[in-house]
$ cat structure-v1.cif   # mmCIF, C-alpha atoms
data_query
loop_
_atom_site.label_atom_id
_atom_site.label_comp_id
_atom_site.auth_asym_id
_atom_site.auth_seq_id
_atom_site.Cartn_x
_atom_site.Cartn_y
_atom_site.Cartn_z
CA SER L 1 28.25 -146.55 -65.86
CA LEU L 2 30.31 -148.38 -68.45
CA ALA L 3 27.49 -150.40 -69.98
CA THR L 4 29.06 -151.49 -73.25
CA THR L 5 32.42 -152.93 -74.26
CA TRP L 6 33.55 -152.72 -77.88
CA GLU L 7 36.30 -155.11 -78.95
CA GLY L 8 38.75 -154.52 -81.78
CA ASP L 9 38.86 -156.83 -84.78
CA GLY L 10 42.00 -155.75 -86.62
CA THR L 11 40.72 -152.33 -87.68
CA ASN L 12 39.61 -149.26 -85.74
CA VAL L 13 36.96 -149.95 -83.12
CA VAL L 14 35.43 -146.55 -84.01
CA THR L 15 36.15 -144.54 -87.20
CA ILE L 16 34.93 -140.94 -87.53
CA SER L 17 35.36 -138.77 -90.63
CA GLY L 18 33.64 -136.43 -93.07
CA GLY L 19 32.92 -133.56 -90.69
CA ALA L 20 30.97 -135.69 -88.23
CA GLU L 21 30.27 -134.66 -84.64
CA VAL L 22 30.41 -137.70 -82.36
CA ALA L 23 30.18 -138.15 -78.59
CA LEU L 24 31.31 -141.40 -76.94
CA ILE L 25 30.01 -141.49 -73.36
CA GLY L 26 30.21 -144.38 -70.92
CA PHE L 27 31.98 -146.99 -73.02
CA ARG L 28 34.89 -149.36 -72.57
CA LEU L 29 37.03 -149.69 -75.69
CA ARG L 30 39.49 -152.55 -76.07
CA PRO L 31 41.65 -151.97 -79.17
CA ASN L 32 42.51 -155.67 -79.30
CA SER L 33 42.04 -158.85 -77.35
CA GLY L 34 45.60 -160.10 -77.68
CA ALA L 35 47.43 -160.79 -74.43
CA LEU L 36 50.04 -158.25 -73.43
CA ALA L 37 53.59 -159.49 -73.64
CA GLY L 38 55.66 -159.42 -70.49
CA ASN L 39 58.51 -157.51 -72.11
CA ALA L 40 58.13 -153.80 -72.82
CA SER L 41 59.96 -154.22 -76.13
CA ASP L 42 57.25 -156.54 -77.49
CA LEU L 43 54.98 -154.00 -79.15
CA VAL L 44 53.34 -155.95 -81.96
CA SER L 45 50.33 -158.18 -81.48
CA ALA L 46 48.29 -160.30 -83.87
CA ASP L 47 45.41 -157.84 -83.71
CA PRO L 48 46.70 -154.36 -84.67
CA SER L 49 43.58 -152.28 -84.08
CA ARG L 50 43.20 -148.92 -82.38
CA ALA L 51 40.27 -147.66 -80.35
CA VAL L 52 39.30 -144.48 -82.24
CA GLU L 53 40.45 -142.77 -85.43
CA VAL L 54 39.00 -139.33 -86.19
CA SER L 55 39.71 -137.26 -89.29
CA GLY L 56 38.31 -133.83 -90.13
CA SER L 57 35.65 -134.16 -87.45
CA ASP L 58 34.74 -133.36 -83.84
CA LEU L 59 35.03 -135.98 -81.11
CA VAL L 60 33.93 -135.86 -77.48
CA MET L 61 34.87 -138.71 -75.12
CA GLU L 62 33.54 -138.77 -71.57
CA ASP L 63 33.60 -141.51 -68.94
CA VAL L 64 35.44 -143.85 -71.32
CA VAL L 65 37.95 -146.58 -70.41
CA VAL L 66 40.47 -147.59 -73.08
CA GLY L 67 42.68 -150.65 -72.70
CA PRO L 68 44.38 -152.91 -72.11
CA SER L 69 45.94 -153.46 -75.51
CA ASN L 70 49.14 -154.39 -77.30
CA SER L 71 48.92 -152.62 -80.65
CA SER L 72 51.22 -152.22 -83.63
CA ARG L 73 49.45 -149.04 -84.74
CA SER L 74 50.16 -145.38 -84.18
CA GLY L 75 47.79 -143.89 -81.61
CA ALA L 76 46.41 -147.13 -80.19
CA GLY L 77 43.88 -145.18 -78.13
CA VAL L 78 42.99 -142.19 -80.30
CA LYS L 79 44.47 -140.98 -83.57
CA ALA L 80 43.26 -137.52 -84.64
CA THR L 81 43.98 -135.67 -87.89
CA ASN L 82 42.71 -132.13 -88.55
CA SER L 83 40.09 -132.60 -85.85
CA THR L 84 38.85 -131.23 -82.55
CA VAL L 85 39.07 -133.74 -79.70
CA SER L 86 37.82 -133.31 -76.14
CA ILE L 87 38.41 -136.10 -73.62
CA SER L 88 37.26 -135.88 -70.00
CA SER L 89 36.82 -138.14 -66.96
CA SER L 90 38.39 -141.05 -68.84
CA PHE L 91 41.07 -143.67 -68.29
CA PHE L 92 43.79 -145.11 -70.56
CA ASN L 93 45.61 -148.02 -68.95
CA ASN L 94 48.03 -150.87 -69.63
CA MET L 95 48.59 -150.13 -73.32
CA ARG L 96 51.48 -150.50 -75.72
CA SER L 97 51.78 -148.75 -79.05
CA VAL L 98 54.45 -147.87 -81.59
CA ASP L 99 54.38 -144.28 -80.36
CA ALA L 100 51.83 -142.67 -78.01
CA VAL L 101 48.36 -143.86 -77.04
CA VAL L 102 46.82 -140.52 -78.07
CA VAL L 103 48.31 -139.07 -81.27
CA ALA L 104 47.18 -135.88 -83.00
CA SER L 105 48.25 -133.89 -86.08
CA GLY L 106 46.86 -130.50 -87.07
CA SER L 107 44.25 -130.76 -84.34
CA VAL L 108 42.94 -129.14 -81.19
CA VAL L 109 43.09 -131.53 -78.23
CA ASP L 110 41.64 -130.81 -74.79
CA LEU L 111 42.23 -133.29 -71.96
CA PHE L 112 40.46 -132.75 -68.63
CA HIS L 113 40.61 -135.12 -65.68
CA VAL L 114 42.04 -137.98 -67.74
CA SER L 115 44.27 -140.70 -66.25
CA PHE L 116 47.11 -142.36 -68.19
CA TYR L 117 48.65 -145.38 -66.43
CA ASP L 118 51.30 -147.91 -67.50
CA LEU L 119 51.70 -146.88 -71.13
CA THR L 120 54.68 -147.92 -73.25
CA GLY L 121 55.53 -146.98 -76.82
CA GLY L 122 57.67 -144.28 -78.41
CA ASP L 123 57.80 -140.50 -78.08
CA GLY L 124 55.24 -139.29 -75.54
CA ASN L 125 53.86 -142.75 -74.68
CA ALA L 126 50.62 -141.17 -73.39
CA VAL L 127 50.15 -138.14 -75.70
CA ALA L 128 52.09 -137.03 -78.79
CA VAL L 129 50.98 -134.08 -80.93
CA THR L 130 52.34 -132.45 -84.09
CA ASP L 131 51.34 -128.94 -85.19
CA SER L 132 48.44 -129.08 -82.75
CA ASP L 133 47.12 -127.12 -79.80
CA LEU L 134 47.16 -129.35 -76.71
CA THR L 135 45.64 -128.40 -73.35
CA VAL L 136 46.05 -130.73 -70.38
CA SER L 137 44.25 -129.91 -67.15
CA ARG L 138 43.87 -131.89 -63.91
CA CYS L 139 45.20 -135.07 -65.48
CA THR L 140 47.21 -137.90 -63.93
CA PHE L 141 50.19 -139.65 -65.54
CA GLN L 142 51.78 -142.65 -63.83
CA ARG L 143 54.48 -145.11 -64.88
CA ASN L 144 54.57 -144.13 -68.53
CA GLY L 145 57.55 -144.60 -70.83
CA THR L 146 60.58 -146.82 -71.13
CA GLN L 147 63.87 -146.21 -69.36
CA ASN L 148 66.18 -143.99 -71.48
CA ALA L 149 64.03 -144.26 -74.62
CA GLY L 150 62.04 -141.66 -76.57
CA LEU L 151 61.35 -137.95 -76.14
CA GLY L 152 58.88 -137.27 -73.35
CA GLY L 153 57.72 -139.97 -70.97
CA SER L 154 54.08 -138.84 -71.00
CA ILE L 155 53.79 -135.82 -73.33
CA HIS L 156 55.56 -135.05 -76.62
CA ALA L 157 54.77 -131.79 -78.42
CA ASP L 158 56.23 -130.83 -81.81
CA GLY L 159 54.77 -127.58 -83.16
CA GLY L 160 51.67 -125.69 -82.07
CA SER L 161 51.00 -124.86 -78.44
CA LEU L 162 51.14 -126.78 -75.18
CA THR L 163 49.44 -125.92 -71.90
CA VAL L 164 49.73 -128.26 -68.92
CA GLU L 165 48.27 -127.25 -65.58
CA ASP L 166 47.12 -128.74 -62.27
CA SER L 167 48.32 -132.20 -63.32
CA GLN L 168 50.32 -134.93 -61.59
CA PHE L 169 53.24 -136.87 -63.05
CA THR L 170 54.77 -139.89 -61.29
CA SER L 171 57.53 -142.29 -62.35
CA GLY L 172 57.86 -141.17 -65.96
CA HIS L 173 60.74 -142.48 -68.11
CA ALA L 174 62.32 -141.26 -71.34
CA ASN L 175 65.64 -140.37 -72.93
CA ARG L 176 64.83 -136.66 -72.77
CA GLY L 177 62.14 -135.29 -70.48
CA GLY L 178 60.93 -138.01 -68.14
CA ASP L 179 57.47 -136.43 -68.19
CA VAL L 180 57.31 -133.73 -70.88
CA TRP L 181 59.28 -132.91 -74.04
CA ALA L 182 58.58 -129.93 -76.29
CA ALA L 183 60.21 -128.95 -79.60
CA PRO L 184 61.67 -125.48 -80.28
CA ALA L 185 58.61 -124.10 -82.09
CA VAL L 186 56.14 -125.04 -79.34
CA GLN L 187 54.58 -122.24 -77.30
CA ALA L 188 54.65 -123.97 -73.92
CA VAL L 189 53.08 -123.01 -70.60
CA LEU L 190 53.40 -125.40 -67.65
CA ARG L 191 52.02 -124.35 -64.28
CA TYR L 192 50.78 -125.77 -60.96
CA ASN L 193 51.89 -129.32 -61.82
CA SER L 194 53.60 -131.87 -59.59
CA HIS L 195 56.44 -134.12 -60.78
CA SER L 196 58.03 -136.98 -58.86
CA LEU L 197 60.38 -139.89 -59.55
CA ALA L 198 61.00 -138.99 -63.20
CA SER L 199 63.93 -140.63 -64.92
CA ALA L 200 65.67 -139.32 -68.06
CA SER L 201 69.15 -139.17 -69.53
CA LEU L 202 68.58 -135.44 -70.22
CA GLY L 203 66.03 -133.01 -68.87
CA GLY L 204 64.81 -134.59 -65.66
CA SER L 205 61.04 -134.12 -65.58
CA VAL L 206 60.74 -131.53 -68.35
CA TYR L 207 62.92 -130.98 -71.40
CA LEU L 208 62.39 -127.99 -73.65
CA ALA L 209 64.57 -128.09 -76.75
CA THR L 210 66.80 -125.07 -77.41
CA GLY L 211 64.70 -122.08 -78.40
CA SER L 212 61.48 -123.22 -76.75
CA ALA L 213 59.07 -120.69 -75.34
CA GLU L 214 58.76 -119.69 -71.71
CA LEU L 215 58.23 -122.15 -68.91
CA TRP L 216 56.16 -120.88 -66.02
CA TYR L 217 56.48 -122.28 -62.53
CA VAL L 218 55.37 -121.68 -58.98
CA ALA L 219 58.09 -120.54 -56.60
CA ALA L 220 56.70 -122.71 -53.80
CA ALA L 221 56.90 -125.84 -55.98
CA PRO L 222 59.96 -125.66 -58.26
CA TYR L 223 59.36 -129.01 -59.89
CA ILE L 224 61.25 -128.27 -63.10
CA ILE L 225 64.52 -130.16 -63.36
CA GLY L 226 67.27 -129.86 -65.93
CA VAL L 227 65.66 -127.76 -68.63
CA THR L 228 67.96 -126.35 -71.28
CA LYS L 229 69.83 -123.24 -70.22
CA SER L 230 68.30 -121.10 -72.96
CA THR L 231 64.76 -121.62 -71.62
CA GLN L 232 63.26 -118.60 -69.92
CA LEU L 233 61.74 -119.41 -66.53
CA ARG L 234 59.05 -117.04 -65.32
CA ARG L 235 57.65 -117.12 -61.85
CA LEU L 236 53.88 -116.88 -61.42
CA ALA L 237 52.79 -114.20 -59.00
#

$ encode --input "structure-v1.cif" --output "structure tokens"
Amino acid sequence: SLATTWEGDGTNVVTISGGAEVALIGFRLRPNSGALAGNASDLVSADPSRAVEVSGSDLVMEDVVVGPSNSSRSGAGVKATNSTVSISSSFFNNMRSVDAVVVASGSVVDLFHVSFYDLTGGDGNAVAVTDSDLTVSRCTFQRNGTQNAGLGGSIHADGGSLTVEDSQFTSGHANRGGDVWAAPAVQAVLRYNSHSLASASLGGSVYLATGSAELWYVAAAPYIIGVTKSTQLRRLA
């Protein structure tokens, strides 16, 4: 059960560094106590804390609820640099950030059975990674992003590798890729996912920039809409 709630105070609720190995299990983390504004464009609050920042360390999060919050920081939920992050059976909800709620650089990020609801920010909104290896499995993304803004309504990947499987996306919004956006250098594999009600100026549910790696799909569920013509589609047997 979620026995303890940690409130933000203008800095990180939890800071991990120096090669530490930390497990957060059964907590509720509120990056700030400021009331959420009614307008999606109001991103800055008086209390600009984030839930967790991890650098050069290993982090495990299980059975954790993060939010609500209205933060002016990058990665209002989790910011990871040169780290290994594993998040499972957790929930990020009703959060606003300057970019995505989970942000990683030079890291390995594994998300299993994590729900991301009603998140608004910049590229990715839920998850944005740079030069990282991101694996998303059996996750749920609902109502993330802002109409016609940003790259990737729920996932933004720039460099490294991206694997998304057995996950559900509903009502994602972005300028390109209502649910997922991946840069040219990303090695991307998407399979057995469901996409519905995505809205984007370009790319429908998934947008792979010119030169991106192969996109795998199931013939019985051709959910991919409007990917760039240069993308190679391969059917799973």

$ resolve_selection --input "structure-v1.cif" --expression "the PyMOL selection byres ((chain L and resi 118) around 10)" --output "VMD selection string"
chain L and resid 68 92 to 96 116 to 117 119 to 120 125 to 126 141 to 145 171 to 172

$ residues_around --input "structure-v1.cif" --residues "L:Gly75" --least-positions-apart "4" --cutoff "9 Å" --atoms "all atoms listed in the file" --output "PDB file with C-alpha atoms, in the coordinates of the input"
ATOM      1  CA  ARG L  50      43.200-148.920 -82.380  1.00  0.00           C
ATOM      2  CA  ALA L  51      40.270-147.660 -80.350  1.00  0.00           C
ATOM      3  CA  VAL L  52      39.300-144.480 -82.240  1.00  0.00           C
ATOM      4  CA  GLU L  53      40.450-142.770 -85.430  1.00  0.00           C
ATOM      5  CA  SER L  71      48.920-152.620 -80.650  1.00  0.00           C
ATOM      6  CA  LYS L  79      44.470-140.980 -83.570  1.00  0.00           C
ATOM      7  CA  ALA L  80      43.260-137.520 -84.640  1.00  0.00           C
ATOM      8  CA  SER L  97      51.780-148.750 -79.050  1.00  0.00           C
ATOM      9  CA  VAL L  98      54.450-147.870 -81.590  1.00  0.00           C
ATOM     10  CA  ASP L  99      54.380-144.280 -80.360  1.00  0.00           C
ATOM     11  CA  ALA L 100      51.830-142.670 -78.010  1.00  0.00           C
ATOM     12  CA  VAL L 101      48.360-143.860 -77.040  1.00  0.00           C
ATOM     13  CA  VAL L 102      46.820-140.520 -78.070  1.00  0.00           C
ATOM     14  CA  VAL L 103      48.310-139.070 -81.270  1.00  0.00           C
ATOM     15  CA  ALA L 104      47.180-135.880 -83.000  1.00  0.00           C
ATOM     16  CA  VAL L 127      50.150-138.140 -75.700  1.00  0.00           C
ATOM     17  CA  ALA L 128      52.090-137.030 -78.790  1.00  0.00           C
TER      18      ALA L 128
END

$ atom_distance --input "structure-v1.cif" --atom1 "atom CA of L:Thr84" --atom2 "atom CA of L:Arg138"
19.3 Å

$ resolve_selection --input "structure-v1.cif" --expression "the PyMOL selection byres ((chain L and resi 111) around 6)" --output "PyMOL selection string"
chain L and resi 87-88+110+112+136

$ closest_residue --input "structure-v1.cif" --among "L:Ala157, L:Val66, L:Ala182, L:Leu151" --to "L:Ser201" --atoms "only C-alpha atoms"
L:Leu151

$ residues_around --input "structure-v1.cif" --residues "L:Val60" --least-positions-apart "6" --cutoff "9 Å" --atoms "only C-alpha atoms" --output "ChimeraX atom specification"
/L:21-25,84-88

$ closest_residue --input "structure-v1.cif" --among "L:Ser137, L:Ser107, L:Gln147, L:Ala174" --to "L:Arg191" --atoms "only C-alpha atoms"
L:Ser137

$ resolve_selection --input "structure-v1.cif" --expression "the PyMOL selection byres ((chain L and resi 16) around 6)" --output "ChimeraX atom specification"
/L:15,17,54
